[in-house]
$ cat work-v2.cif   # mmCIF, C-alpha atoms
data_model
#
loop_
_atom_site.label_atom_id
_atom_site.label_comp_id
_atom_site.auth_asym_id
_atom_site.auth_seq_id
_atom_site.Cartn_x
_atom_site.Cartn_y
_atom_site.Cartn_z
CA MET A 1 42.22 21.53 -12.26
CA ILE A 2 40.32 19.24 -9.86
CA SER A 3 37.84 21.16 -7.71
CA LYS A 4 38.57 21.03 -4.00
CA ARG A 5 35.21 22.40 -2.94
CA PRO A 6 33.56 20.52 -0.06
CA ILE A 7 30.82 18.06 -0.92
CA ASN A 8 28.12 16.97 1.48
CA ILE A 9 26.03 14.06 0.32
CA ASN A 10 25.19 12.64 3.71
CA PRO A 11 21.36 12.75 3.78
CA LEU A 12 21.32 12.50 7.56
CA SER A 13 23.17 15.80 7.86
CA ILE A 14 20.69 17.70 5.72
CA ARG A 15 17.60 19.16 7.35
CA MET A 16 14.65 18.24 5.17
CA PRO A 17 11.40 20.20 5.17
CA MET A 18 8.37 18.25 6.41
CA ALA A 19 7.01 18.03 2.90
CA ALA A 20 10.21 16.36 1.73
CA LEU A 21 9.95 13.81 4.52
CA VAL A 22 6.35 13.08 3.57
CA SER A 23 7.37 12.72 -0.05
CA ILE A 24 10.18 10.22 0.47
CA SER A 25 8.13 8.30 3.04
CA HIS A 26 5.30 8.11 0.54
CA ARG A 27 7.66 6.55 -1.98
CA LEU A 28 9.22 4.20 0.58
CA SER A 29 5.83 3.04 1.88
CA GLY A 30 4.70 2.38 -1.67
CA VAL A 31 7.69 0.15 -2.34
CA ALA A 32 7.14 -1.56 1.02
CA ILE A 33 3.54 -2.33 0.11
CA PHE A 34 4.69 -3.73 -3.23
CA PHE A 35 7.10 -6.19 -1.61
CA LEU A 36 4.85 -7.06 1.34
CA MET A 37 1.86 -7.84 -0.90
CA PRO A 38 2.47 -11.62 -0.73
CA LEU A 39 1.91 -11.43 3.02
CA LEU A 40 -1.47 -9.81 2.53
CA LEU A 41 -2.41 -12.28 -0.17
CA TYR A 42 -1.41 -15.17 2.07
CA LEU A 43 -3.56 -13.86 4.93
CA PHE A 44 -6.47 -13.40 2.54
CA GLN A 45 -5.98 -16.88 1.13
CA GLN A 46 -5.95 -18.58 4.51
CA SER A 47 -8.94 -16.57 5.70
CA MET A 48 -11.03 -17.76 2.76
CA ALA A 49 -9.77 -21.33 2.30
CA SER A 50 -11.79 -23.15 4.96
CA GLU A 51 -12.97 -22.92 8.54
CA GLU A 52 -9.89 -24.88 9.70
CA ALA A 53 -7.55 -22.61 7.75
CA PHE A 54 -9.33 -19.54 9.13
CA ASN A 55 -9.01 -20.71 12.74
CA ARG A 56 -5.44 -21.81 12.18
CA LEU A 57 -4.71 -18.33 10.80
CA LYS A 58 -6.13 -16.75 13.94
CA VAL A 59 -3.74 -18.82 16.04
CA THR A 60 -0.77 -18.11 13.75
CA LEU A 61 -1.46 -14.39 13.87
CA GLY A 62 -1.00 -14.54 17.62
CA GLN A 63 2.73 -14.93 17.10
CA PRO A 64 4.55 -11.67 17.87
CA TRP A 65 6.83 -11.64 14.82
CA LEU A 66 3.91 -12.06 12.43
CA LEU A 67 1.89 -9.42 14.25
CA VAL A 68 4.84 -7.04 13.87
CA LEU A 69 5.10 -7.80 10.16
CA VAL A 70 1.37 -7.21 9.70
CA TRP A 71 1.69 -4.00 11.67
CA ILE A 72 4.54 -2.84 9.39
CA PHE A 73 2.34 -3.55 6.38
CA ILE A 74 -0.56 -1.66 7.94
CA ALA A 75 1.76 1.24 8.78
CA SER A 76 3.00 1.40 5.19
CA LEU A 77 -0.52 1.25 3.83
CA VAL A 78 -1.87 3.88 6.22
CA PHE A 79 0.96 6.30 5.54
CA HIS A 80 0.83 5.78 1.81
CA LEU A 81 -2.92 6.39 1.88
CA LEU A 82 -2.66 9.56 4.00
CA ALA A 83 0.16 11.03 1.91
CA GLY A 84 -1.75 9.96 -1.20
CA VAL A 85 -4.82 11.89 -0.12
CA ARG A 86 -2.55 14.90 0.43
CA HIS A 87 -1.36 14.46 -3.19
CA LEU A 88 -4.93 14.22 -4.47
CA LEU A 89 -5.98 17.34 -2.57
CA MET A 90 -3.07 19.22 -4.10
CA ASP A 91 -4.17 17.99 -7.51
CA LEU A 92 -7.44 19.76 -6.74
CA HIS A 93 -5.37 22.86 -5.95
CA LEU A 94 -6.04 22.56 -2.21
CA GLY A 95 -3.05 23.31 0.00
CA GLU A 96 -0.56 24.10 -2.74
CA SER A 97 1.11 27.06 -1.02
CA LEU A 98 4.37 26.61 0.85
CA LYS A 99 2.76 27.16 4.26
CA ALA A 100 -0.22 24.94 3.49
CA GLY A 101 2.12 22.26 2.20
CA ARG A 102 4.05 22.31 5.45
CA TRP A 103 0.87 22.12 7.49
CA SER A 104 -0.63 19.28 5.52
CA ALA A 105 2.68 17.43 5.91
CA ILE A 106 2.53 17.88 9.68
CA ILE A 107 -1.10 16.76 9.72
CA THR A 108 -0.18 13.72 7.64
CA PHE A 109 2.49 12.65 10.13
CA SER A 110 0.27 13.39 13.12
CA LEU A 111 -2.66 11.39 11.77
CA PHE A 112 -0.25 8.65 10.84
CA PHE A 113 1.14 8.31 14.35
CA VAL A 114 -2.34 8.34 15.86
CA LEU A 115 -3.57 5.61 13.50
CA LEU A 116 -0.33 3.68 13.94
CA VAL A 117 -0.79 3.53 17.70
CA GLY A 118 -4.46 2.71 17.16
CA ALA A 119 -3.55 -0.16 14.86
CA ALA A 120 -1.04 -1.51 17.38
CA VAL A 121 -3.66 -1.38 20.10
CA CYS A 122 -6.25 -3.13 17.94
CA LEU A 123 -3.80 -5.83 16.85
CA TYR A 124 -2.77 -6.45 20.42
CA TRP A 125 -6.36 -6.45 21.65
CA TRP A 126 -7.62 -8.89 19.04
CA ARG A 127 -4.66 -11.25 18.92
CA MET B 1 4.94 3.62 -20.25
CA ALA B 2 7.76 6.13 -20.78
CA SER B 3 7.46 8.34 -23.77
CA ARG B 4 4.13 10.09 -24.37
CA THR B 5 2.10 8.18 -21.78
CA GLY B 6 2.67 10.60 -18.91
CA PRO B 7 -0.83 12.07 -18.67
CA ARG B 8 -2.41 8.66 -19.09
CA ASP B 9 -0.25 7.13 -16.32
CA TRP B 10 -1.02 10.12 -14.12
CA LEU B 11 -4.74 9.56 -14.57
CA ILE B 12 -4.52 5.79 -14.08
CA GLN B 13 -2.58 6.33 -10.87
CA ARG B 14 -5.20 8.78 -9.56
CA VAL B 15 -8.31 6.81 -10.54
CA THR B 16 -6.98 3.55 -9.11
CA ALA B 17 -5.85 5.40 -5.99
CA VAL B 18 -9.31 6.81 -5.33
CA PHE B 19 -10.98 3.44 -5.79
CA MET B 20 -8.47 1.63 -3.59
CA ALA B 21 -8.80 4.29 -0.89
CA PHE B 22 -12.55 3.76 -0.70
CA TYR B 23 -12.16 -0.01 -0.75
CA VAL B 24 -9.54 -0.11 2.03
CA VAL B 25 -11.35 2.37 4.25
CA GLY B 26 -14.63 0.58 3.67
CA LEU B 27 -13.22 -2.86 4.42
CA VAL B 28 -11.34 -1.70 7.52
CA ALA B 29 -14.51 0.01 8.77
CA TYR B 30 -16.51 -3.17 8.22
CA VAL B 31 -13.99 -5.32 10.09
CA PHE B 32 -13.68 -2.73 12.84
CA PHE B 33 -17.43 -2.57 13.40
CA ASN B 34 -17.79 -6.36 13.20
CA PRO B 35 -15.08 -7.53 15.58
CA GLY B 36 -14.47 -11.19 16.19
CA MET B 37 -16.05 -12.45 12.95
CA ASN B 38 -15.95 -16.19 12.45
CA TYR B 39 -15.21 -17.95 9.17
CA GLN B 40 -18.86 -18.15 8.13
CA GLN B 41 -19.51 -14.46 8.60
CA TRP B 42 -16.27 -13.42 6.90
CA HIS B 43 -16.64 -15.84 4.01
CA THR B 44 -20.30 -14.93 3.46
CA PHE B 45 -19.46 -11.23 3.37
CA MET B 46 -16.54 -11.60 0.95
CA SER B 47 -18.59 -13.89 -1.27
CA GLN B 48 -21.36 -11.39 -1.88
CA PRO B 49 -21.39 -10.46 -5.59
CA TRP B 50 -20.82 -6.76 -5.06
CA VAL B 51 -17.91 -7.45 -2.71
CA GLN B 52 -16.42 -9.94 -5.14
CA ILE B 53 -16.65 -7.48 -8.00
CA SER B 54 -15.17 -4.69 -5.87
CA THR B 55 -12.31 -6.96 -4.86
CA PHE B 56 -11.74 -7.85 -8.49
CA ILE B 57 -11.52 -4.16 -9.38
CA LEU B 58 -9.15 -3.76 -6.42
CA LEU B 59 -6.84 -6.45 -7.81
CA VAL B 60 -6.79 -4.77 -11.21
CA SER B 61 -6.17 -1.41 -9.55
CA ILE B 62 -3.26 -2.74 -7.51
CA GLY B 63 -1.72 -3.98 -10.74
CA PHE B 64 -1.97 -0.67 -12.58
CA HIS B 65 -1.22 1.57 -9.60
CA GLY B 66 1.69 -0.58 -8.50
CA TRP B 67 3.10 -0.62 -12.01
CA VAL B 68 3.05 3.16 -12.41
CA GLY B 69 4.66 3.54 -8.99
CA MET B 70 7.40 0.98 -9.47
CA TRP B 71 8.09 2.26 -12.99
CA THR B 72 8.61 5.74 -11.54
CA VAL B 73 10.95 4.45 -8.84
CA ALA B 74 12.92 2.31 -11.28
CA THR B 75 13.27 5.19 -13.74
CA ASP B 76 14.50 7.47 -10.96
CA TYR B 77 17.08 5.15 -9.44
CA ILE B 78 18.17 2.55 -11.99
CA LYS B 79 19.88 4.52 -14.72
CA PRO B 80 21.62 1.72 -16.67
CA THR B 81 19.05 0.68 -19.23
CA PHE B 82 19.60 -3.07 -19.13
CA LEU B 83 19.48 -3.22 -15.33
CA ARG B 84 16.36 -1.05 -15.25
CA LEU B 85 14.55 -3.20 -17.78
CA LEU B 86 15.52 -6.28 -15.81
CA PHE B 87 13.99 -4.88 -12.65
CA LEU B 88 10.92 -3.62 -14.50
CA GLY B 89 10.47 -7.11 -15.89
CA LEU B 90 10.67 -8.53 -12.39
CA PHE B 91 8.18 -5.96 -11.08
CA MET B 92 5.75 -6.69 -13.88
CA ALA B 93 6.05 -10.44 -13.29
CA LEU B 94 5.35 -9.94 -9.57
CA LEU B 95 2.30 -7.80 -10.31
CA PHE B 96 0.92 -10.44 -12.63
CA ILE B 97 1.51 -13.09 -9.96
CA TYR B 98 -0.23 -10.95 -7.36
CA PHE B 99 -3.21 -10.52 -9.68
CA ALA B 100 -3.48 -14.18 -10.61
CA TRP B 101 -3.13 -15.26 -6.99
CA GLY B 102 -5.81 -12.77 -5.93
CA ILE B 103 -8.20 -14.07 -8.57
CA LYS B 104 -7.56 -17.63 -7.47
CA ILE B 105 -8.34 -16.76 -3.85
CA LEU B 106 -11.50 -14.95 -4.92
CA TRP B 107 -12.86 -17.48 -7.40
CA GLY B 108 -10.44 -20.45 -7.44
#

$ encode --input "work-v2.cif" --output "structure tokens"
Amino acid sequence: MISKRPININPLSIRMPMAALVSISHRLSGVAIFFLMPLLLYLFQQSMASEEAFNRLKVTLGQPWLLVLVWIFIASLVFHLLAGVRHLLMDLHLGESLKAGRWSAIITFSLFFVLLVGAAVCLYWWR
Amino acid sequence: MASRTGPRDWLIQRVTAVFMAFYVVGLVAYVFFNPGMNYQQWHTFMSQPWVQISTFILLVSIGFHGWVGMWTVATDYIKPTFLRLLFLGLFMALLFIYFAWGIKILWG
């Protein structure tokens, strides 16, 4: 007989604990870094190629869409790094309890938002 | 990867992570405290032997760390073997390209 029990697989309807959000964001940011790596390599390349290339890069980086893309990369990197440190601390048995895990998750997000805003300010200031 | 290399992958992921963390934080700090560098200053800094060697280690680390990560993601989400191997092949190719490109920028 086919089961008629209700199934809910809509992730948006499920309340995730903070630690779960950190976890999936850590994975997502990692994948984002992987696919955005060519951008970073291109910036590095142009910055090292020659004085003309360097100055041209400075001008190109003034374009809003590129600044946004760089900011997205920075955001991914910063989050991945923060969540990664949280992972490493847990490997050292620091913050492994349920409560501590929730707190470190909150701290991770908080630090992330602070640094994210900071990065946006810096990018805008130096453009 | 896969069977019997779990602990080794775990360690590789951690060691590369720690190195990359120090590198990124260090580089960002340097740029932050030396705002408005021109080409000469930037190029001179990046061309110092210890910086070059650190960047080389970074490129290697990205390769290994990225591989372990993408392997984990592929294994979790791409269940059909042929499809998964296809994607893993693509990921590996990309990581090799990233590494080669990085080396070229550094010493090409």

$ atom_distance --input "work-v2.cif" --atom1 "atom CA of B:Val15" --atom2 "atom CA of A:Leu82"
15.8 Å

$ interface_residues --input "work-v2.cif" --of "chain B" --to "chain A" --cutoff "10 Å" --atoms "only C-alpha atoms" --output "mmCIF file with C-alpha atoms, in the coordinates of the input"
data_model
loop_
_atom_site.group_PDB
_atom_site.id
_atom_site.type_symbol
_atom_site.label_atom_id
_atom_site.label_comp_id
_atom_site.auth_asym_id
_atom_site.auth_seq_id
_atom_site.Cartn_x
_atom_site.Cartn_y
_atom_site.Cartn_z
ATOM 1 C CA ARG B 14 -5.200 8.780 -9.560
ATOM 2 C CA ALA B 17 -5.850 5.400 -5.990
ATOM 3 C CA VAL B 18 -9.310 6.810 -5.330
ATOM 4 C CA MET B 20 -8.470 1.630 -3.590
ATOM 5 C CA ALA B 21 -8.800 4.290 -0.890
ATOM 6 C CA VAL B 24 -9.540 -0.110 2.030
ATOM 7 C CA VAL B 25 -11.350 2.370 4.250
ATOM 8 C CA PHE B 32 -13.680 -2.730 12.840
ATOM 9 C CA PRO B 35 -15.080 -7.530 15.580
ATOM 10 C CA GLY B 36 -14.470 -11.190 16.190
ATOM 11 C CA ASN B 38 -15.950 -16.190 12.450
ATOM 12 C CA TYR B 39 -15.210 -17.950 9.170
ATOM 13 C CA GLN B 40 -18.860 -18.150 8.130
ATOM 14 C CA TRP B 42 -16.270 -13.420 6.900
ATOM 15 C CA HIS B 43 -16.640 -15.840 4.010
ATOM 16 C CA THR B 44 -20.300 -14.930 3.460
ATOM 17 C CA MET B 46 -16.540 -11.600 0.950
ATOM 18 C CA SER B 47 -18.590 -13.890 -1.270
ATOM 19 C CA ILE B 62 -3.260 -2.740 -7.510
ATOM 20 C CA GLY B 63 -1.720 -3.980 -10.740
ATOM 21 C CA HIS B 65 -1.220 1.570 -9.600
ATOM 22 C CA GLY B 66 1.690 -0.580 -8.500
ATOM 23 C CA TRP B 67 3.100 -0.620 -12.010
ATOM 24 C CA GLY B 69 4.660 3.540 -8.990
ATOM 25 C CA MET B 70 7.400 0.980 -9.470
ATOM 26 C CA THR B 72 8.610 5.740 -11.540
ATOM 27 C CA VAL B 73 10.950 4.450 -8.840
ATOM 28 C CA PHE B 91 8.180 -5.960 -11.080
ATOM 29 C CA LEU B 94 5.350 -9.940 -9.570
ATOM 30 C CA LEU B 95 2.300 -7.800 -10.310
ATOM 31 C CA ILE B 97 1.510 -13.090 -9.960
ATOM 32 C CA TYR B 98 -0.230 -10.950 -7.360
ATOM 33 C CA PHE B 99 -3.210 -10.520 -9.680
ATOM 34 C CA TRP B 101 -3.130 -15.260 -6.990
ATOM 35 C CA GLY B 102 -5.810 -12.770 -5.930
ATOM 36 C CA LYS B 104 -7.560 -17.630 -7.470
ATOM 37 C CA ILE B 105 -8.340 -16.760 -3.850
ATOM 38 C CA LEU B 106 -11.500 -14.950 -4.920
ATOM 39 C CA GLY B 108 -10.440 -20.450 -7.440
#

$ resolve_selection --input "work-v2.cif" --expression "the PyMOL selection byres ((chain B and resi 2-7) around 10)" --output "list in words"
Met1, Arg8, Asp9, Trp10, Leu11, Ile12, Gln13, Val68, Trp71, Thr72 and Thr75 of chain B

$ residues_around --input "work-v2.cif" --residues "B:Ile53" --least-positions-apart "5" --cutoff "12 Å" --atoms "all atoms listed in the file" --output "VMD selection string"
chain B and resid 23 46 to 48 58 to 60 103 106 to 107

$ closest_residue --input "work-v2.cif" --among "A:Leu94, A:Val70, A:Ile9, A:Leu57" --to "A:Leu39" --atoms "only C-alpha atoms"
A:Val70

$ closest_residue --input "work-v2.cif" --among "A:Val59, A:Leu98, A:Ala83, A:Ala120" --to "A:His26" --atoms "only C-alpha atoms"
A:Ala83

$ atom_distance --input "work-v2.cif" --atom1 "atom CA of A:Trp103" --atom2 "atom CA of A:Pro17"
11.0 Å

$ atom_distance --input "work-v2.cif" --atom1 "atom CA of A:Ser76" --atom2 "atom CA of B:Phe19"
17.9 Å

$ axis_aligned_box --input "work-v2.cif" --around "stretch 115-123 of chain A" --padding-each-side "6 Å" --output "JSON"
{"center_x": -3.3, "center_y": -0.1, "center_z": 16.8, "size_x": 17.9, "size_y": 23.4, "size_z": 18.6}

$ residues_around --input "work-v2.cif" --residues "A:Met90" --least-positions-apart "5" --cutoff "10 Å" --atoms "all atoms listed in the file" --output "VMD selection string"
chain A and resid 84 to 85 95 to 97 100 to 101 104

$ residues_around --input "work-v2.cif" --residues "A:Leu115" --least-positions-apart "4" --cutoff "10 Å" --atoms "all atoms listed in the file" --output "PDB file with C-alpha atoms, in the coordinates of the input"
ATOM      1  CA  ILE A  74      -0.560  -1.660   7.940  1.00  0.00           C
ATOM      2  CA  ALA A  75       1.760   1.240   8.780  1.00  0.00           C
ATOM      3  CA  VAL A  78      -1.870   3.880   6.220  1.00  0.00           C
ATOM      4  CA  PHE A  79       0.960   6.300   5.540  1.00  0.00           C
ATOM      5  CA  PHE A 109       2.490  12.650  10.130  1.00  0.00           C
ATOM      6  CA  SER A 110       0.270  13.390  13.120  1.00  0.00           C
ATOM      7  CA  LEU A 111      -2.660  11.390  11.770  1.00  0.00           C
ATOM      8  CA  ALA A 119      -3.550  -0.160  14.860  1.00  0.00           C
ATOM      9  CA  ALA A 120      -1.040  -1.510  17.380  1.00  0.00           C
ATOM     10  CA  VAL A 121      -3.660  -1.380  20.100  1.00  0.00           C
TER      11      VAL A 121
END

$ closest_residue --input "work-v2.cif" --among "A:Lys4, A:Leu12, A:Leu116, A:Ala20" --to "A:Val68" --atoms "all atoms listed in the file"
A:Leu116

$ build_atoms --input "work-v2.cif" --residues "stretch 70-102 of chain B" --atoms "N, CA and C atoms" --output "compact mmCIF listing (two decimals), in the frame of the given file"
# COMPACT_ATOMS: atom_id res chain seq x y z
N MET B 70 6.10 1.64 -9.39
CA MET B 70 7.40 0.98 -9.47
C MET B 70 8.16 1.44 -10.72
N TRP B 71 7.42 1.75 -11.78
CA TRP B 71 8.09 2.26 -12.99
C TRP B 71 8.76 3.59 -12.67
N THR B 72 8.06 4.44 -11.92
CA THR B 72 8.61 5.74 -11.54
C THR B 72 9.87 5.57 -10.71
N VAL B 73 9.81 4.69 -9.71
CA VAL B 73 10.95 4.45 -8.84
C VAL B 73 12.13 3.89 -9.62
N ALA B 74 11.85 2.91 -10.49
CA ALA B 74 12.92 2.31 -11.28
C ALA B 74 13.56 3.35 -12.20
N THR B 75 12.74 4.17 -12.83
CA THR B 75 13.27 5.19 -13.74
C THR B 75 14.12 6.22 -12.99
N ASP B 76 13.74 6.49 -11.74
CA ASP B 76 14.50 7.47 -10.96
C ASP B 76 15.84 6.94 -10.48
N TYR B 77 15.90 5.65 -10.12
CA TYR B 77 17.08 5.15 -9.44
C TYR B 77 17.93 4.16 -10.21
N ILE B 78 17.37 3.53 -11.24
CA ILE B 78 18.17 2.55 -11.99
C ILE B 78 18.44 3.12 -13.36
N LYS B 79 19.56 3.81 -13.49
CA LYS B 79 19.88 4.52 -14.72
C LYS B 79 20.38 3.62 -15.86
N PRO B 80 21.19 2.59 -15.57
CA PRO B 80 21.62 1.72 -16.67
C PRO B 80 20.43 1.00 -17.27
N THR B 81 20.25 1.17 -18.57
CA THR B 81 19.05 0.68 -19.23
C THR B 81 18.79 -0.80 -19.02
N PHE B 82 19.82 -1.63 -19.23
CA PHE B 82 19.60 -3.07 -19.13
C PHE B 82 19.15 -3.47 -17.73
N LEU B 83 19.83 -2.94 -16.72
CA LEU B 83 19.48 -3.22 -15.33
C LEU B 83 18.04 -2.79 -15.03
N ARG B 84 17.70 -1.58 -15.52
CA ARG B 84 16.36 -1.05 -15.25
C ARG B 84 15.30 -1.94 -15.87
N LEU B 85 15.53 -2.34 -17.11
CA LEU B 85 14.55 -3.20 -17.78
C LEU B 85 14.42 -4.54 -17.08
N LEU B 86 15.54 -5.03 -16.56
CA LEU B 86 15.52 -6.28 -15.81
C LEU B 86 14.61 -6.16 -14.60
N PHE B 87 14.82 -5.08 -13.84
CA PHE B 87 13.99 -4.88 -12.65
C PHE B 87 12.53 -4.65 -13.02
N LEU B 88 12.30 -3.87 -14.07
CA LEU B 88 10.92 -3.62 -14.50
C LEU B 88 10.24 -4.93 -14.89
N GLY B 89 11.01 -5.80 -15.53
CA GLY B 89 10.47 -7.11 -15.89
C GLY B 89 10.08 -7.89 -14.65
N LEU B 90 10.95 -7.85 -13.65
CA LEU B 90 10.67 -8.53 -12.39
C LEU B 90 9.42 -7.95 -11.73
N PHE B 91 9.34 -6.61 -11.71
CA PHE B 91 8.18 -5.96 -11.08
C PHE B 91 6.90 -6.34 -11.79
N MET B 92 6.95 -6.35 -13.12
CA MET B 92 5.75 -6.69 -13.88
C MET B 92 5.34 -8.15 -13.60
N ALA B 93 6.34 -9.03 -13.57
CA ALA B 93 6.05 -10.44 -13.29
C ALA B 93 5.37 -10.57 -11.92
N LEU B 94 5.92 -9.89 -10.92
CA LEU B 94 5.35 -9.94 -9.57
C LEU B 94 3.91 -9.44 -9.57
N LEU B 95 3.65 -8.35 -10.29
CA LEU B 95 2.30 -7.80 -10.31
C LEU B 95 1.32 -8.77 -10.97
N PHE B 96 1.77 -9.44 -12.00
CA PHE B 96 0.92 -10.44 -12.63
C PHE B 96 0.64 -11.59 -11.67
N ILE B 97 1.67 -12.01 -10.94
CA ILE B 97 1.51 -13.09 -9.96
C ILE B 97 0.53 -12.68 -8.88
N TYR B 98 0.69 -11.43 -8.39
CA TYR B 98 -0.23 -10.95 -7.36
C TYR B 98 -1.68 -11.02 -7.87
N PHE B 99 -1.87 -10.56 -9.11
CA PHE B 99 -3.21 -10.52 -9.68
C PHE B 99 -3.79 -11.93 -9.81
N ALA B 100 -3.01 -12.82 -10.40
CA ALA B 100 -3.48 -14.18 -10.61
C ALA B 100 -3.80 -14.86 -9.28
N TRP B 101 -2.94 -14.68 -8.32
CA TRP B 101 -3.13 -15.26 -6.99
C TRP B 101 -4.41 -14.71 -6.36
N GLY B 102 -4.61 -13.40 -6.47
CA GLY B 102 -5.81 -12.77 -5.93
C GLY B 102 -7.07 -13.34 -6.55
